[in-house]
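Report on one structure; see the data block that follows.
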Protein chains: 2
Amino acid sequence: MCELLGMECNVLTDIVFSFAGLAGRGGKHGPHSDGWGLALYEGRVARVFLDPQPAADSPLAKFVREHPIKTLLAIAHVRRKTRGQVSLANTHPFVRELWGRHFVYAHNGTVKGVRKLKLGRFNPIGDTDSEHAFCYLLAALHHDFPQGPRSQVDYSNAVAKYAGRIGKLGSFNMLLGDGTQLFARCATKLHYIIRKAPFAKATLADEDVSVDFAAVTTPHDRVAVIATTPLTRDEVWTTGIPDTLWVFRKGKLVRTLAC
Amino acid sequence: MCELLGMECNVLTDIVFSFAGLAGRGGKHGPHSDGWGLALYEGRVARVFLDPQPAADSPLAKFVREHPIKTLLAIAHVRRKTRGQVSLANTHPFVRELWGRHFVYAHNGTVKGVRKLKLGRFNPIGDTDSEHAFCYLLAALHHDFPQGPRSQVDYSNAVAKYAGRIGKLGSFNMLLGDGTQLFARCATKLHYIIRKAPFAKATLADEDVSVDFAAVTTPHDRVAVIATTPLTRDEVWTTGIPDTLWVFRKGKLVRTLAC
């Protein structure tokens, strides 16, 4: 099992506070010490930091925390391996280009039967069930929308359909970003919060680190944060219902689909 | 115009010495201050550091120099933009997955007519001629070898054929890695050196920084370094002949093809 973190906003935001909470679970407050990764979008392209070392004592994770990069959409992951060895090739998030944009994906859970799902134009590089599921999902989307989707509704329905198909083969909590929106599927455990005005103070669940969001935001800012378990102790997080897909756009939850 | 750097070895090697020489040309000793990138393979997967900031004063470039990662194959690039704005999406090297491995590519020159070349399954994310050429090249290789090449000779002949086709449309100095070998095409300017026993001291061309390779190598080590202009002042580099493709494998120049 692993821990997921996503952030989707209507204003450029740095993910350092939430990432610090997640990174602490990568070998310090949690057992997820088999690597970590962070993808930060800039338009259609994602900048990706990957490290098969524990996040809690990774020099690269320290660098990322000390040099915040603002973004509208980010996906992070700390890994506790269940299938596939500890290696760079097996480190989430995974990235592929489709429709001239990067797709970024991270998975929490195990999908034992995933190799029943036939692959198309995307091939796994590592040997995890997670990456196989990602390659299947992207090929299915490409099959349905060879030139890219024209309708947001059809597009999110398709993500729900194929994510649900994968979910039938195991436990499939996952985050998928395309640069403009974030899809988040809950199988067993996923939470979200939307920070908006009036902003308040928040304190990490595992460490005595606080941020007063009122001091660093404007009244129109909206920041959705999605995490396996709530990252803060003094905010109200919404718990996901199993087999549900959330779609976040511009810091809003725009759709909730059964899948 | 830009500067290219490639390294291909038979033993895990860090690229810090050569990268320091290249990074100095990114805004300090040279005008290539529109971003830089470095890809380091681990097996079939590449770890990629990209920064649209000048390499000479980039905190990420400093981090990379201070935390050497050993690799058998690396590709780096400092950019001086000719086409396409300064942005993450336009920063080399570019990466795509084909045949279950990462392909990494960087280009020096301008290929004005490149959009005449039809694209296949790979789409550019940014707006450079360079990325368009890369997408064309990979789609052509995929077309010729849908399941991957069985023959190294056919494979390098195909790279030469399609690189030559791109080269007819402009200036196409480029590096292409697949995790096990490095293809290097010279259009106007490219040099290489193979460091092997007996190893000697080398001093950067632009700075008073030296390494005594005899102290950090074994007699069987072979390290090929490919660069736009020689990075050291006290070694003999081989100058590329225009319209030639070099193929490096395990630190050896295994083929030279006209293209």
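Order determines the names: the first chain of the structure tokens is A, the second B, and so forth; residues in each chain are numbered 1 upward, and ligands are numbered 1 upward as they are shown.
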Please, which residues in chain B fall within 8 Å of chain A when counting only C-alpha atoms, and what is the closest atom pair and distance in Å to one decimal for each, ordered by chain then residue number, as a Markdown table?
```
| residue | atom | partner | partner_atom | distance |
| --- | --- | --- | --- | --- |
| B:Glu42 | CA | A:Leu88 | CA | 7.0 |
| B:Arg44 | CA | A:Ile125 | CA | 6.7 |
| B:Val45 | CA | A:Ala89 | CA | 5.7 |
| B:Arg47 | CA | A:Leu50 | CA | 7.1 |
| B:Val48 | CA | A:Val48 | CA | 7.5 |
| B:Phe49 | CA | A:Phe49 | CA | 7.6 |
| B:Leu50 | CA | A:Arg47 | CA | 7.1 |
| B:Phe63 | CA | A:Phe63 | CA | 7.8 |
| B:Leu88 | CA | A:Glu42 | CA | 7.0 |
| B:Ala89 | CA | A:Val45 | CA | 5.6 |
| B:Arg96 | CA | A:Arg96 | CA | 7.2 |
| B:Glu97 | CA | A:Arg96 | CA | 7.3 |
| B:Leu98 | CA | A:Asn123 | CA | 7.3 |
| B:Trp99 | CA | A:Asn123 | CA | 6.6 |
| B:Gly100 | CA | A:Ile125 | CA | 4.6 |
| B:Arg101 | CA | A:Ile125 | CA | 5.4 |
| B:His102 | CA | A:Ile125 | CA | 7.6 |
| B:Phe122 | CA | A:Glu97 | CA | 7.5 |
| B:Asn123 | CA | A:Gly100 | CA | 4.8 |
| B:Pro124 | CA | A:Gly100 | CA | 5.4 |
| B:Ile125 | CA | A:Gly100 | CA | 4.6 |
```
Superposed chain A (ref. Chain B, all C-alpha pairs in order) as a CSV table (one decimal) with C-alpha atoms, in the first residue's frame:
```csv
chain,number,residue,atom,x,y,z
A,1,MET,CA,21.5,27.0,-31.2
A,2,CYS,CA,22.3,24.9,-28.2
A,3,GLU,CA,24.9,22.6,-26.7
A,4,LEU,CA,24.5,18.9,-26.5
A,5,LEU,CA,26.2,16.4,-24.1
A,6,GLY,CA,26.0,12.7,-24.1
A,7,MET,CA,27.7,10.0,-22.1
A,8,GLU,CA,27.6,6.2,-22.8
A,9,CYS,CA,29.7,3.8,-20.7
A,10,ASN,CA,30.3,0.1,-19.8
A,11,VAL,CA,30.5,1.0,-16.1
A,12,LEU,CA,28.3,3.1,-13.9
A,13,THR,CA,29.8,6.6,-14.1
A,14,ASP,CA,28.7,10.0,-12.8
A,15,ILE,CA,28.5,12.8,-15.4
A,16,VAL,CA,29.2,15.6,-12.9
A,17,PHE,CA,32.6,16.7,-14.4
A,18,SER,CA,31.2,17.0,-18.0
A,19,PHE,CA,27.9,18.4,-16.8
A,20,ALA,CA,29.8,21.2,-14.9
A,21,GLY,CA,31.5,22.1,-18.1
A,22,LEU,CA,28.2,22.2,-20.0
A,23,ALA,CA,26.3,24.0,-17.3
A,24,GLY,CA,28.9,26.8,-17.3
A,25,ARG,CA,28.0,27.4,-20.9
A,26,GLY,CA,24.4,27.9,-19.8
A,27,GLY,CA,24.7,31.6,-19.1
A,28,LYS,CA,28.2,31.9,-17.6
A,29,HIS,CA,30.8,31.1,-20.3
A,30,GLY,CA,28.3,30.8,-23.1
A,31,PRO,CA,25.0,32.3,-24.3
A,32,HIS,CA,22.8,29.2,-23.8
A,33,SER,CA,20.7,30.6,-21.0
A,34,ASP,CA,17.2,29.5,-22.1
A,35,GLY,CA,17.0,26.4,-20.0
A,36,TRP,CA,18.7,23.1,-19.5
A,37,GLY,CA,17.9,19.4,-18.9
A,38,LEU,CA,19.6,16.2,-17.9
A,39,ALA,CA,18.4,12.7,-18.3
A,40,LEU,CA,20.1,9.8,-16.5
A,41,TYR,CA,19.1,6.2,-17.4
A,42,GLU,CA,18.6,3.5,-14.8
A,43,GLY,CA,18.0,0.4,-17.0
A,44,ARG,CA,15.1,1.2,-19.4
A,45,VAL,CA,13.9,4.2,-17.5
A,46,ALA,CA,15.3,7.7,-17.4
A,47,ARG,CA,15.3,10.1,-14.5
A,48,VAL,CA,15.0,13.6,-16.0
A,49,PHE,CA,15.8,17.0,-14.5
A,50,LEU,CA,14.4,20.0,-16.5
A,51,ASP,CA,14.7,23.7,-15.7
A,52,PRO,CA,13.7,26.6,-18.0
A,53,GLN,CA,16.2,28.7,-16.0
A,54,PRO,CA,19.9,29.3,-17.0
A,55,ALA,CA,22.0,26.3,-16.0
A,56,ALA,CA,24.8,28.5,-14.6
A,57,ASP,CA,22.7,29.8,-11.7
A,58,SER,CA,20.0,27.1,-11.4
A,59,PRO,CA,19.6,25.7,-7.9
A,60,LEU,CA,18.5,22.3,-9.5
A,61,ALA,CA,21.7,22.2,-11.6
A,62,LYS,CA,23.7,22.9,-8.4
A,63,PHE,CA,21.8,20.0,-6.7
A,64,VAL,CA,22.6,17.6,-9.5
A,65,ARG,CA,26.3,18.5,-9.4
A,66,GLU,CA,26.3,18.0,-5.6
A,67,HIS,CA,24.4,14.7,-5.6
A,68,PRO,CA,26.0,12.7,-8.4
A,69,ILE,CA,23.9,9.8,-9.7
A,70,LYS,CA,25.9,7.1,-11.5
A,71,THR,CA,24.5,5.9,-14.9
A,72,LEU,CA,25.5,4.0,-18.0
A,73,LEU,CA,23.8,6.5,-20.3
A,74,ALA,CA,23.0,10.2,-20.0
A,75,ILE,CA,21.9,13.0,-22.2
A,76,ALA,CA,22.1,16.7,-21.3
A,77,HIS,CA,21.3,20.0,-23.1
A,78,VAL,CA,21.6,23.7,-22.6
A,79,ARG,CA,19.3,25.8,-24.7
A,80,ARG,CA,19.7,29.0,-26.6
A,81,LYS,CA,16.2,29.4,-28.1
A,82,THR,CA,15.8,29.8,-31.9
A,83,ARG,CA,12.2,28.6,-32.2
A,84,GLY,CA,9.7,28.2,-29.4
A,85,GLN,CA,9.5,30.3,-26.3
A,86,VAL,CA,11.4,29.6,-23.0
A,87,SER,CA,9.2,27.2,-21.1
A,88,LEU,CA,9.3,23.8,-19.5
A,89,ALA,CA,7.4,22.3,-22.4
A,90,ASN,CA,10.2,23.4,-24.8
A,91,THR,CA,13.1,22.3,-22.6
A,92,HIS,CA,15.3,19.4,-23.9
A,93,PRO,CA,15.8,16.5,-23.5
A,94,PHE,CA,12.4,15.2,-24.5
A,95,VAL,CA,11.3,11.8,-23.4
A,96,ARG,CA,8.7,9.3,-24.7
A,97,GLU,CA,8.1,5.6,-24.1
A,98,LEU,CA,8.4,3.2,-27.0
A,99,TRP,CA,8.8,-0.6,-26.8
A,100,GLY,CA,8.5,-0.5,-23.0
A,101,ARG,CA,11.6,1.8,-22.6
A,102,HIS,CA,12.2,5.5,-22.4
A,103,PHE,CA,13.7,7.2,-25.4
A,104,VAL,CA,15.5,10.4,-24.6
A,105,TYR,CA,16.4,13.0,-27.2
A,106,ALA,CA,18.0,16.4,-27.5
A,107,HIS,CA,18.6,18.5,-30.6
A,108,ASN,CA,21.0,21.3,-31.6
A,109,GLY,CA,20.1,23.4,-34.7
A,110,THR,CA,17.0,24.5,-36.5
A,111,VAL,CA,14.8,22.3,-38.8
A,112,LYS,CA,12.6,24.9,-40.3
A,113,GLY,CA,10.7,22.6,-42.6
A,114,VAL,CA,10.1,19.9,-40.0
A,115,ARG,CA,6.3,20.3,-40.0
A,116,LYS,CA,6.2,18.8,-43.5
A,117,LEU,CA,6.9,15.5,-41.8
A,118,LYS,CA,3.7,13.8,-40.8
A,119,LEU,CA,3.3,12.7,-37.2
A,120,GLY,CA,2.0,9.3,-36.1
A,121,ARG,CA,1.3,8.2,-32.6
A,122,PHE,CA,3.5,10.7,-30.8
A,123,ASN,CA,2.4,14.3,-30.4
A,124,PRO,CA,4.5,17.3,-29.4
A,125,ILE,CA,3.6,18.9,-26.1
A,126,GLY,CA,5.6,22.1,-26.7
A,127,ASP,CA,6.0,24.1,-29.9
A,128,THR,CA,9.6,23.5,-31.0
A,129,ASP,CA,10.8,22.1,-34.3
A,130,SER,CA,13.0,19.8,-32.2
A,131,GLU,CA,10.2,18.0,-30.4
A,132,HIS,CA,8.3,17.6,-33.7
A,133,ALA,CA,11.3,16.0,-35.3
A,134,PHE,CA,11.6,13.6,-32.3
A,135,CYS,CA,7.9,12.6,-32.5
A,136,TYR,CA,8.4,11.9,-36.3
A,137,LEU,CA,11.5,9.9,-35.7
A,138,LEU,CA,9.9,7.7,-33.0
A,139,ALA,CA,6.7,7.1,-35.0
A,140,ALA,CA,8.9,6.1,-38.0
A,141,LEU,CA,10.8,3.6,-35.8
A,142,HIS,CA,7.6,2.3,-34.4
A,143,HIS,CA,6.2,1.9,-37.9
A,144,ASP,CA,9.2,-0.1,-39.1
A,145,PHE,CA,9.5,-2.2,-35.9
A,146,PRO,CA,6.0,-2.4,-34.2
A,147,GLN,CA,7.3,-4.9,-31.6
A,148,GLY,CA,10.8,-3.5,-31.4
A,149,PRO,CA,13.8,-4.3,-33.7
A,150,ARG,CA,15.3,-7.8,-33.8
A,151,SER,CA,18.5,-6.7,-35.5
A,152,GLN,CA,20.8,-4.0,-34.2
A,153,VAL,CA,22.0,-3.4,-37.8
A,154,ASP,CA,18.4,-2.8,-39.1
A,155,TYR,CA,17.7,-0.6,-36.1
A,156,SER,CA,20.6,1.7,-36.5
A,157,ASN,CA,20.1,1.8,-40.3
A,158,ALA,CA,16.6,3.0,-39.6
A,159,VAL,CA,17.7,5.7,-37.2
A,160,ALA,CA,20.2,6.9,-39.8
A,161,LYS,CA,17.6,6.9,-42.5
A,162,TYR,CA,15.0,8.9,-40.6
A,163,ALA,CA,17.5,11.2,-39.0
A,164,GLY,CA,18.9,11.9,-42.5
A,165,ARG,CA,15.4,12.7,-43.7
A,166,ILE,CA,15.0,15.2,-41.0
A,167,GLY,CA,18.5,16.6,-41.6
A,168,LYS,CA,17.6,17.5,-45.2
A,169,LEU,CA,15.1,20.0,-43.8
A,170,GLY,CA,17.6,22.0,-41.7
A,171,SER,CA,20.4,21.6,-39.2
A,172,PHE,CA,20.0,18.4,-37.2
A,173,ASN,CA,22.7,17.6,-34.7
A,174,MET,CA,21.1,15.3,-32.2
A,175,LEU,CA,21.5,12.7,-29.5
A,176,LEU,CA,19.0,9.8,-29.0
A,177,GLY,CA,19.3,7.2,-26.3
A,178,ASP,CA,17.2,4.1,-25.6
A,179,GLY,CA,18.8,2.9,-22.4
A,180,THR,CA,21.3,0.6,-24.0
A,181,GLN,CA,22.9,2.7,-26.7
A,182,LEU,CA,23.4,6.3,-27.8
A,183,PHE,CA,22.9,7.5,-31.3
A,184,ALA,CA,24.6,10.8,-32.2
A,185,ARG,CA,24.1,12.6,-35.5
A,186,CYS,CA,26.4,15.3,-36.6
A,187,ALA,CA,25.0,17.9,-39.0
A,188,THR,CA,27.4,20.8,-38.4
A,189,LYS,CA,29.2,20.3,-35.1
A,190,LEU,CA,29.7,17.4,-32.8
A,191,HIS,CA,32.7,15.8,-31.1
A,192,TYR,CA,33.4,12.7,-29.1
A,193,ILE,CA,36.1,11.2,-27.0
A,194,ILE,CA,36.4,7.7,-25.5
A,195,ARG,CA,38.1,7.6,-22.2
A,196,LYS,CA,39.8,4.3,-21.5
A,197,ALA,CA,43.0,2.9,-19.9
A,198,PRO,CA,45.5,4.3,-19.6
A,199,PHE,CA,43.5,7.1,-18.0
A,200,ALA,CA,44.9,10.6,-17.6
A,201,LYS,CA,44.0,13.9,-16.1
A,202,ALA,CA,41.5,16.2,-17.9
A,203,THR,CA,40.8,19.9,-17.4
A,204,LEU,CA,37.6,21.7,-18.4
A,205,ALA,CA,38.0,24.0,-21.4
A,206,ASP,CA,36.2,26.9,-19.7
A,207,GLU,CA,37.2,26.5,-16.0
A,208,ASP,CA,40.2,25.5,-14.0
A,209,VAL,CA,38.6,22.2,-12.9
A,210,SER,CA,40.5,19.0,-13.3
A,211,VAL,CA,39.8,15.3,-12.7
A,212,ASP,CA,42.5,12.6,-12.6
A,213,PHE,CA,40.5,9.8,-14.2
A,214,ALA,CA,43.2,7.2,-13.3
A,215,ALA,CA,42.2,7.7,-9.7
A,216,VAL,CA,38.5,6.9,-10.2
A,217,THR,CA,38.5,4.2,-12.8
A,218,THR,CA,39.5,0.5,-13.4
A,219,PRO,CA,41.4,-0.7,-16.4
A,220,HIS,CA,38.3,-2.1,-18.1
A,221,ASP,CA,36.3,1.1,-17.9
A,222,ARG,CA,35.2,2.8,-21.1
A,223,VAL,CA,33.4,6.1,-21.2
A,224,ALA,CA,32.3,7.7,-24.4
A,225,VAL,CA,31.5,11.4,-24.1
A,226,ILE,CA,29.8,13.3,-27.0
A,227,ALA,CA,29.6,17.1,-27.0
A,228,THR,CA,28.9,20.0,-29.4
A,229,THR,CA,32.3,21.4,-28.7
A,230,PRO,CA,35.1,19.7,-26.7
A,231,LEU,CA,34.6,20.1,-23.0
A,232,THR,CA,38.2,19.7,-22.0
A,233,ARG,CA,41.4,21.5,-23.1
A,234,ASP,CA,44.0,18.7,-22.6
A,235,GLU,CA,42.4,15.7,-24.4
A,236,VAL,CA,42.1,14.8,-28.1
A,237,TRP,CA,38.4,14.9,-29.3
A,238,THR,CA,37.3,13.5,-32.6
A,239,THR,CA,35.4,15.9,-34.8
A,240,GLY,CA,32.3,14.7,-36.5
A,241,ILE,CA,31.8,14.6,-40.2
A,242,PRO,CA,28.6,16.3,-41.3
A,243,ASP,CA,25.7,14.0,-42.1
A,244,THR,CA,27.1,11.1,-40.1
A,245,LEU,CA,25.5,9.0,-37.3
A,246,TRP,CA,27.6,7.5,-34.6
A,247,VAL,CA,26.3,4.5,-32.6
A,248,PHE,CA,27.9,4.0,-29.1
A,249,ARG,CA,27.4,0.9,-27.0
A,250,LYS,CA,29.2,-0.1,-23.9
A,251,GLY,CA,31.6,2.8,-24.2
A,252,LYS,CA,32.6,1.8,-27.8
A,253,LEU,CA,31.8,3.4,-31.1
A,254,VAL,CA,30.2,0.4,-32.8
A,255,ARG,CA,29.0,1.9,-36.0
A,256,THR,CA,29.4,5.0,-38.2
A,257,LEU,CA,26.7,5.6,-40.8
A,258,ALA,CA,26.3,8.2,-43.5
A,259,CYS,CA,22.9,9.8,-43.3
```
So that I can check the secondary structure, give me every residue of region 47-203 of chain B assigned helix (DSSP H, G or I) by backbone DSSP, as an mmCIF file with N, CA and C atoms, in the first residue's frame.
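So the final result, stored in out-v7.cif, reads:
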```
data_model
loop_
_atom_site.group_PDB
_atom_site.id
_atom_site.type_symbol
_atom_site.label_atom_id
_atom_site.label_comp_id
_atom_site.auth_asym_id
_atom_site.auth_seq_id
_atom_site.Cartn_x
_atom_site.Cartn_y
_atom_site.Cartn_z
ATOM 1 N N ALA B 55 21.295 27.311 -16.734
ATOM 2 C CA ALA B 55 21.969 26.260 -15.972
ATOM 3 C C ALA B 55 23.000 26.839 -15.014
ATOM 4 N N ALA B 56 23.665 27.943 -15.445
ATOM 5 C CA ALA B 56 24.789 28.444 -14.657
ATOM 6 C C ALA B 56 24.357 28.870 -13.254
ATOM 7 N N ASP B 57 23.128 29.352 -13.088
ATOM 8 C CA ASP B 57 22.704 29.752 -11.744
ATOM 9 C C ASP B 57 21.416 29.051 -11.310
ATOM 10 N N PRO B 59 19.412 26.460 -9.110
ATOM 11 C CA PRO B 59 19.585 25.655 -7.889
ATOM 12 C C PRO B 59 19.486 24.157 -8.177
ATOM 13 N N LEU B 60 18.647 23.765 -9.152
ATOM 14 C CA LEU B 60 18.508 22.340 -9.465
ATOM 15 C C LEU B 60 19.797 21.811 -10.115
ATOM 16 N N ALA B 61 20.430 22.615 -10.972
ATOM 17 C CA ALA B 61 21.700 22.191 -11.579
ATOM 18 C C ALA B 61 22.771 22.045 -10.496
ATOM 19 N N LYS B 62 22.744 22.946 -9.515
ATOM 20 C CA LYS B 62 23.687 22.852 -8.384
ATOM 21 C C LYS B 62 23.426 21.562 -7.615
ATOM 22 N N PHE B 63 22.148 21.252 -7.384
ATOM 23 C CA PHE B 63 21.793 20.010 -6.671
ATOM 24 C C PHE B 63 22.329 18.791 -7.423
ATOM 25 N N VAL B 64 22.133 18.785 -8.732
ATOM 26 C CA VAL B 64 22.570 17.645 -9.541
ATOM 27 C C VAL B 64 24.090 17.467 -9.455
ATOM 28 N N ARG B 65 24.816 18.600 -9.449
ATOM 29 C CA ARG B 65 26.282 18.507 -9.346
ATOM 30 C C ARG B 65 26.708 18.014 -7.965
ATOM 31 N N GLU B 66 25.947 18.389 -6.941
ATOM 32 C CA GLU B 66 26.337 18.036 -5.570
ATOM 33 C C GLU B 66 25.854 16.658 -5.147
ATOM 34 N N LEU B 88 8.974 25.203 -19.800
ATOM 35 C CA LEU B 88 9.271 23.815 -19.459
ATOM 36 C C LEU B 88 8.966 22.891 -20.641
ATOM 37 N N ALA B 89 7.854 23.176 -21.342
ATOM 38 C CA ALA B 89 7.432 22.310 -22.449
ATOM 39 C C ALA B 89 8.443 22.297 -23.598
ATOM 40 N N ASN B 90 9.244 23.363 -23.698
ATOM 41 C CA ASN B 90 10.213 23.455 -24.796
ATOM 42 C C ASN B 90 11.636 23.118 -24.349
ATOM 43 N N LYS B 112 13.704 24.041 -40.000
ATOM 44 C CA LYS B 112 12.562 24.905 -40.316
ATOM 45 C C LYS B 112 11.406 24.157 -40.959
ATOM 46 N N GLY B 113 11.736 23.228 -41.853
ATOM 47 C CA GLY B 113 10.680 22.568 -42.631
ATOM 48 C C GLY B 113 10.108 21.335 -41.961
ATOM 49 N N VAL B 114 10.363 21.156 -40.678
ATOM 50 C CA VAL B 114 10.059 19.869 -40.052
ATOM 51 C C VAL B 114 8.567 19.539 -40.043
ATOM 52 N N ARG B 115 7.731 20.577 -40.085
ATOM 53 C CA ARG B 115 6.290 20.294 -39.989
ATOM 54 C C ARG B 115 5.723 19.672 -41.267
ATOM 55 N N LYS B 116 6.570 19.612 -42.314
ATOM 56 C CA LYS B 116 6.192 18.817 -43.500
ATOM 57 C C LYS B 116 6.125 17.336 -43.169
ATOM 58 N N ASP B 129 10.484 22.994 -33.170
ATOM 59 C CA ASP B 129 10.780 22.104 -34.295
ATOM 60 C C ASP B 129 11.461 20.825 -33.800
ATOM 61 N N SER B 130 12.244 20.964 -32.734
ATOM 62 C CA SER B 130 13.014 19.830 -32.193
ATOM 63 C C SER B 130 12.102 18.700 -31.747
ATOM 64 N N GLU B 131 11.060 19.038 -30.976
ATOM 65 C CA GLU B 131 10.173 17.996 -30.450
ATOM 66 C C GLU B 131 9.356 17.368 -31.579
ATOM 67 N N HIS B 132 8.985 18.190 -32.566
ATOM 68 C CA HIS B 132 8.269 17.648 -33.731
ATOM 69 C C HIS B 132 9.144 16.593 -34.424
ATOM 70 N N ALA B 133 10.414 16.901 -34.607
ATOM 71 C CA ALA B 133 11.335 15.951 -35.262
ATOM 72 C C ALA B 133 11.445 14.664 -34.443
ATOM 73 N N PHE B 134 11.504 14.793 -33.140
ATOM 74 C CA PHE B 134 11.592 13.619 -32.254
ATOM 75 C C PHE B 134 10.351 12.746 -32.409
ATOM 76 N N CYS B 135 9.180 13.372 -32.403
ATOM 77 C CA CYS B 135 7.923 12.611 -32.528
ATOM 78 C C CYS B 135 7.862 11.902 -33.883
ATOM 79 N N TYR B 136 8.310 12.586 -34.934
ATOM 80 C CA TYR B 136 8.363 11.959 -36.257
ATOM 81 C C TYR B 136 9.288 10.750 -36.246
ATOM 82 N N LEU B 137 10.470 10.926 -35.673
ATOM 83 C CA LEU B 137 11.492 9.869 -35.668
ATOM 84 C C LEU B 137 10.998 8.627 -34.930
ATOM 85 N N LEU B 138 10.384 8.824 -33.754
ATOM 86 C CA LEU B 138 9.897 7.676 -32.986
ATOM 87 C C LEU B 138 8.756 6.963 -33.696
ATOM 88 N N ALA B 139 7.848 7.739 -34.294
ATOM 89 C CA ALA B 139 6.731 7.108 -35.010
ATOM 90 C C ALA B 139 7.249 6.291 -36.187
ATOM 91 N N ALA B 140 8.290 6.799 -36.869
ATOM 92 C CA ALA B 140 8.875 6.069 -38.000
ATOM 93 C C ALA B 140 9.513 4.768 -37.509
ATOM 94 N N LEU B 141 10.211 4.819 -36.372
ATOM 95 C CA LEU B 141 10.818 3.597 -35.820
ATOM 96 C C LEU B 141 9.732 2.608 -35.404
ATOM 97 N N HIS B 142 8.661 3.129 -34.810
ATOM 98 C CA HIS B 142 7.557 2.253 -34.407
ATOM 99 C C HIS B 142 6.904 1.617 -35.635
ATOM 100 N N HIS B 143 6.789 2.404 -36.698
ATOM 101 C CA HIS B 143 6.199 1.879 -37.931
ATOM 102 C C HIS B 143 7.044 0.728 -38.488
ATOM 103 N N ASP B 144 8.360 0.903 -38.485
ATOM 104 C CA ASP B 144 9.245 -0.120 -39.058
ATOM 105 C C ASP B 144 9.375 -1.346 -38.152
ATOM 106 N N GLN B 152 20.170 -5.262 -34.505
ATOM 107 C CA GLN B 152 20.805 -3.975 -34.195
ATOM 108 C C GLN B 152 21.178 -3.232 -35.470
ATOM 109 N N VAL B 153 21.550 -3.984 -36.498
ATOM 110 C CA VAL B 153 21.953 -3.345 -37.748
ATOM 111 C C VAL B 153 20.766 -2.665 -38.416
ATOM 112 N N ASP B 154 19.628 -3.397 -38.512
ATOM 113 C CA ASP B 154 18.427 -2.798 -39.097
ATOM 114 C C ASP B 154 17.990 -1.562 -38.310
ATOM 115 N N TYR B 155 18.094 -1.696 -37.002
ATOM 116 C CA TYR B 155 17.666 -0.614 -36.099
ATOM 117 C C TYR B 155 18.504 0.646 -36.338
ATOM 118 N N SER B 156 19.830 0.509 -36.314
ATOM 119 C CA SER B 156 20.638 1.724 -36.495
ATOM 120 C C SER B 156 20.544 2.236 -37.933
ATOM 121 N N ASN B 157 20.356 1.335 -38.893
ATOM 122 C CA ASN B 157 20.112 1.816 -40.264
ATOM 123 C C ASN B 157 18.845 2.671 -40.337
ATOM 124 N N ALA B 158 17.814 2.246 -39.611
ATOM 125 C CA ALA B 158 16.550 2.998 -39.620
ATOM 126 C C ALA B 158 16.719 4.355 -38.949
ATOM 127 N N VAL B 159 17.423 4.383 -37.819
ATOM 128 C CA VAL B 159 17.668 5.682 -37.163
ATOM 129 C C VAL B 159 18.409 6.600 -38.133
ATOM 130 N N ALA B 160 19.416 6.054 -38.818
ATOM 131 C CA ALA B 160 20.181 6.870 -39.772
ATOM 132 C C ALA B 160 19.283 7.377 -40.902
ATOM 133 N N LYS B 161 18.421 6.494 -41.408
ATOM 134 C CA LYS B 161 17.544 6.879 -42.523
ATOM 135 C C LYS B 161 16.629 8.039 -42.144
ATOM 136 N N TYR B 162 15.949 7.891 -40.994
ATOM 137 C CA TYR B 162 14.969 8.928 -40.622
ATOM 138 C C TYR B 162 15.651 10.198 -40.118
ATOM 139 N N ALA B 163 16.783 10.040 -39.410
ATOM 140 C CA ALA B 163 17.526 11.236 -38.988
ATOM 141 C C ALA B 163 18.034 11.989 -40.215
ATOM 142 N N GLY B 164 18.472 11.241 -41.223
ATOM 143 C CA GLY B 164 18.922 11.881 -42.458
ATOM 144 C C GLY B 164 17.796 12.617 -43.161
ATOM 145 N N ARG B 165 16.601 12.025 -43.119
ATOM 146 C CA ARG B 165 15.436 12.663 -43.742
ATOM 147 C C ARG B 165 15.119 13.999 -43.033
ATOM 148 N N ILE B 166 15.200 13.987 -41.714
ATOM 149 C CA ILE B 166 14.991 15.240 -40.960
ATOM 150 C C ILE B 166 16.115 16.226 -41.295
ATOM 151 N N GLY B 167 17.337 15.694 -41.365
ATOM 152 C CA GLY B 167 18.501 16.547 -41.603
ATOM 153 C C GLY B 167 18.442 17.301 -42.924
#
```
Subject >> DSSP strand (DSSP E or B) residues within region 23-206 of chain B, listed as an MDAnalysis selection string >> reply: chainID B and resid 26 31 36:42 45:51 71:79 94:98 101:108 173:177 182:186 191:196 201:204
